[in-house]
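Q: To start, I am sharing the structure in question, which I have written as structure tokens.
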Amino acid sequence: MLGLISLIFLSISFILSCLFLSLIFLFLNKQMIWLIKKNSPLNVDELNETIEPYGFAYNLKNDNFYSIMNPWQRKYGYCKTYDEASPLLGMIIDSEPIHFEYDNRYWLIEFWKGQYGMTTGCEIGIYEIINNHSNVKEDSIYNSASDSERLYMFYTLKNQKNIILANCDLHWWLTGFKLGTYSKPSKLIMNIGITFKNNIMCESFIKGLKKVGYKDDEIKTSNMTVYLTFKKPHTKQPFTKNIITKFFVQKYNKFNCRLFNYITKDYNNSLDKINYIRERYPILYYQIVDFGKTSIFFTRNSKMKG
């Protein structure tokens with residue numbers, strides 16, 4: 001009986017909280033509309049100027065977002081804690097870290113795919129730690145690859161038979177994000193290709209793949225390029241990506257994607273959709289452009305580790 005009363009009380013509290021937040025949203029939204037309407041719609045260059053501080057840019061031809069070469073994220077490198085925090089930041093993604101040694105360095109090349117809030121996306125990141133004979137722990141912070149350490153990489157991201165994203169570049173962090181697209185990470189297939197600097201580095205990376213469980217028939221090579229398919233992770237996933245977290249976060253992500261697509265159903269690309277949202281729903285607009293991994297978390301975590 002007490003349990004039922006508690007459940008009813010929590011339900012009523014949740015509903016009241018949602019109503020309160022909705023009223024605040026409507027009030028602030030009306031206060032901001034007049035500020036936005038004074039400005040003309042954004043073109044591609046203006047949108048990119050707006051989202052550059054977040055580390056991303058927009059490609060009108062492919063209608064997707066991608067990471068720029070020198071975003072703020074490059075400063076903070078990689079740490080395992082970032083993956084563990086992802087579900088708590090609205091990102092339900094599969095991660096696949098591959099560790100290997102080359103040129104007196106500990107290297108990490110990691111793949112990601114899944115749902116990043118209101119976007120479906122994927123990433124390939126290159127990181128390293130100079131080998132000074134100290135112990136490299138699981139939660140060590142890796143440096144982002146320098147310009148001279150970048151590799152030519154490419155990927156295609158498919159949901160069943162449809163290609164959602166595709167990209168190629170000489171990069172240290174090759175990414176792609178499709179706004180308003182909802183996906184389950186397990187349904188996404190990421191085909192990857194990476195061209196290494198020489199055969200030694202290439203072979204060392206292949207050893208790293210096999211160490212985590214990739215079989216010979218899952219890896220293909222041509223000269224110094226390694227091809228593989230990332231579908232089901234071979235590595236252990238963050239403990240925060242559990243059944244409960246996935247259920248609630250994905251419900252929220254799916255709802256937001258449906259709402260976004262319903263509101264912008266009369267427009268055909270993300271630029272036009274964003275301009276419409278910017279004019280009519282300013283608060284939602286700022287939530288959209290602030291996608292990706294939060295700089296506040298990176299900064300705080302880096303200071304704690306340092």
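We name chains A, B, ... following the order of the structure tokens; residues begin at 1 in each chain, and ligands are numbered from 1 as shown.
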Go through region 204-265 of chain A and collect every residue that DSSP, computed from the backbone, puts in strand (DSSP E or B); the answer should be as number ranges by chain.

A: A: 219-222, 225-230

Q: Contacts of Lys265 (chain A) at 12 Å or less, counting only C-alpha atoms, minus same-chain residues fewer than 5 places along, as a list in words?

A: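 That gives Gly180, Cys257, Arg258, Leu259, Phe260, Ser270, Asp272, Lys273, Ile274, Tyr276 and Ile277 of chain A.
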
Q: Work out how far apart CA of Tyr252 (chain A) and CA of Trp72 (chain A) are and give it in Å to one decimal.

A: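 We find that CA of Tyr252 (chain A) and CA of Trp72 (chain A) lie 27.3 Å from each other.
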
Q: Excluding Asn256 (chain A) and any residue of its chain fewer than 3 positions from it, enumerate the residues within 12 Å of it, using only C-alpha atoms, and give them as a list in words.

A: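 The residues satisfying every condition are Gly90, Gln115, Tyr116, Gly117, Met118, Thr119, Leu179, Gly180, Thr181, Tyr182, Val249, Gln250, Lys251, Tyr252, Asn253, Leu259, Phe260, Asn261, Tyr262, Ile263, Leu284, Gln287 and Ile288 of chain A.
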
Q: Which of region 188-246 of chain A end up as helix (DSSP H, G or I) when DSSP is run on this backbone - answer as number ranges by chain?

A: A: 199-212, 216-218, 243-246

Q: Please produce an output containing C-alpha atoms for each residue in the selection, written as a PDB file, in the first residue's frame.

A:
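Output file part21.pdb follows:
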ATOM      1  CA  ASN A 199      53.434  -1.556 -42.688  1.00  0.00           C
ATOM      2  CA  ILE A 200      54.731  -1.640 -39.104  1.00  0.00           C
ATOM      3  CA  MET A 201      51.996   0.689 -37.859  1.00  0.00           C
ATOM      4  CA  CYS A 202      49.424  -1.158 -39.943  1.00  0.00           C
ATOM      5  CA  GLU A 203      50.388  -4.569 -38.538  1.00  0.00           C
ATOM      6  CA  SER A 204      50.443  -3.246 -34.980  1.00  0.00           C
ATOM      7  CA  PHE A 205      46.889  -1.919 -35.385  1.00  0.00           C
ATOM      8  CA  ILE A 206      45.737  -5.268 -36.756  1.00  0.00           C
ATOM      9  CA  LYS A 207      47.218  -6.965 -33.679  1.00  0.00           C
ATOM     10  CA  GLY A 208      45.156  -4.558 -31.550  1.00  0.00           C
ATOM     11  CA  LEU A 209      42.022  -5.523 -33.470  1.00  0.00           C
ATOM     12  CA  LYS A 210      42.680  -9.224 -32.965  1.00  0.00           C
ATOM     13  CA  LYS A 211      43.446  -8.705 -29.292  1.00  0.00           C
ATOM     14  CA  VAL A 212      39.900  -7.448 -28.647  1.00  0.00           C
ATOM     15  CA  ASP A 216      40.924 -12.754 -39.671  1.00  0.00           C
ATOM     16  CA  ASP A 217      37.822 -12.829 -41.882  1.00  0.00           C
ATOM     17  CA  GLU A 218      36.597  -9.566 -40.302  1.00  0.00           C
ATOM     18  CA  ILE A 243      19.194  -1.411 -19.855  1.00  0.00           C
ATOM     19  CA  ILE A 244      17.561   1.253 -17.701  1.00  0.00           C
ATOM     20  CA  THR A 245      19.682   4.138 -19.000  1.00  0.00           C
ATOM     21  CA  LYS A 246      19.247   3.072 -22.607  1.00  0.00           C
TER      22      LYS A 246
END

Q: Have a look at CA of Ile129 (chain A) and CA of Thr81 (chain A) and let me know their distance in Å, one decimal.

A: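 Atom-to-atom, CA of Ile129 (chain A) and CA of Thr81 (chain A) are spaced 16.5 Å apart.
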
Q: Write out as a CSV table (one decimal) with N, CA and C atoms, in the first residue's frame each polymer residue whose atoms come within 8 Å of Arg105 (chain A), counting only C-alpha atoms; drop sequence neighbours fewer than 3 positions from it.

A:
chain,number,residue,atom,x,y,z
A,101,GLU,N,50.8,-0.4,-29.9
A,101,GLU,CA,52.0,0.3,-29.7
A,101,GLU,C,52.7,0.5,-31.0
A,102,TYR,N,53.3,1.7,-31.2
A,102,TYR,CA,54.0,2.0,-32.4
A,102,TYR,C,54.8,3.3,-32.2
A,128,GLU,N,47.1,9.3,-28.7
A,128,GLU,CA,48.4,8.7,-28.4
A,128,GLU,C,48.9,9.2,-27.0
A,129,ILE,N,49.8,8.4,-26.4
A,129,ILE,CA,50.6,8.7,-25.2
A,129,ILE,C,52.0,8.3,-25.5
A,130,ILE,N,52.9,9.3,-25.3
A,130,ILE,CA,54.4,8.9,-25.4
A,130,ILE,C,54.8,7.9,-24.4
A,131,ASN,N,55.5,6.9,-24.9
A,131,ASN,CA,55.9,5.8,-24.0
A,131,ASN,C,57.1,6.2,-23.2

Q: Find the spatial neighbours of Asp45 (chain A), counting only C-alpha atoms, within a cut-off of 12 Å - ignore same-chain residues fewer than 3 positions away - and output them as a PyMOL selection string.

A: chain A and resi 41-42+48-52+57-60+271

Q: Those same residues, written as a tab-separated table (two decimals), in the first residue's frame with C-alpha atoms?

A:
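out-v2.tsv, written as the output of this step:
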chain	number	residue	atom	x	y	z
A	41	PRO	CA	17.61	33.56	-41.81
A	42	LEU	CA	21.07	32.05	-41.51
A	48	ASN	CA	28.88	27.41	-39.45
A	49	GLU	CA	30.07	30.54	-37.72
A	50	THR	CA	27.42	29.93	-35.04
A	51	ILE	CA	28.32	26.29	-34.39
A	52	GLU	CA	32.11	26.62	-34.82
A	57	ALA	CA	30.31	22.57	-39.21
A	58	TYR	CA	27.42	21.90	-41.59
A	59	ASN	CA	27.61	20.48	-45.11
A	60	LEU	CA	24.59	21.54	-47.18
A	271	LEU	CA	19.50	24.43	-42.69

Q: Skip region 183-193 of chain A itself and residues of its chain fewer than 2 positions away, then list as a VMD selection string all residues within 9 Å of it, counting only C-alpha atoms.

A: chain A and resid 92 to 94 111 to 115 119 to 120 122 124 152 to 160 181 195 225 to 232 250 254

Q: Between A:Lys236, A:Arg74, A:Lys80, A:Lys215, which one has atoms that come closest to His171 (chain A), using only C-alpha atoms?

A: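 So, comparing all the options, the nearest one is A:Arg74.
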
Q: For Ser146 (chain A), which residue among A:Asn275, A:Ile163, A:Trp172, A:Tyr285 is the nearest when counting only C-alpha atoms?

A: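 For Ser146 (chain A), the nearest of the candidates is A:Trp172.
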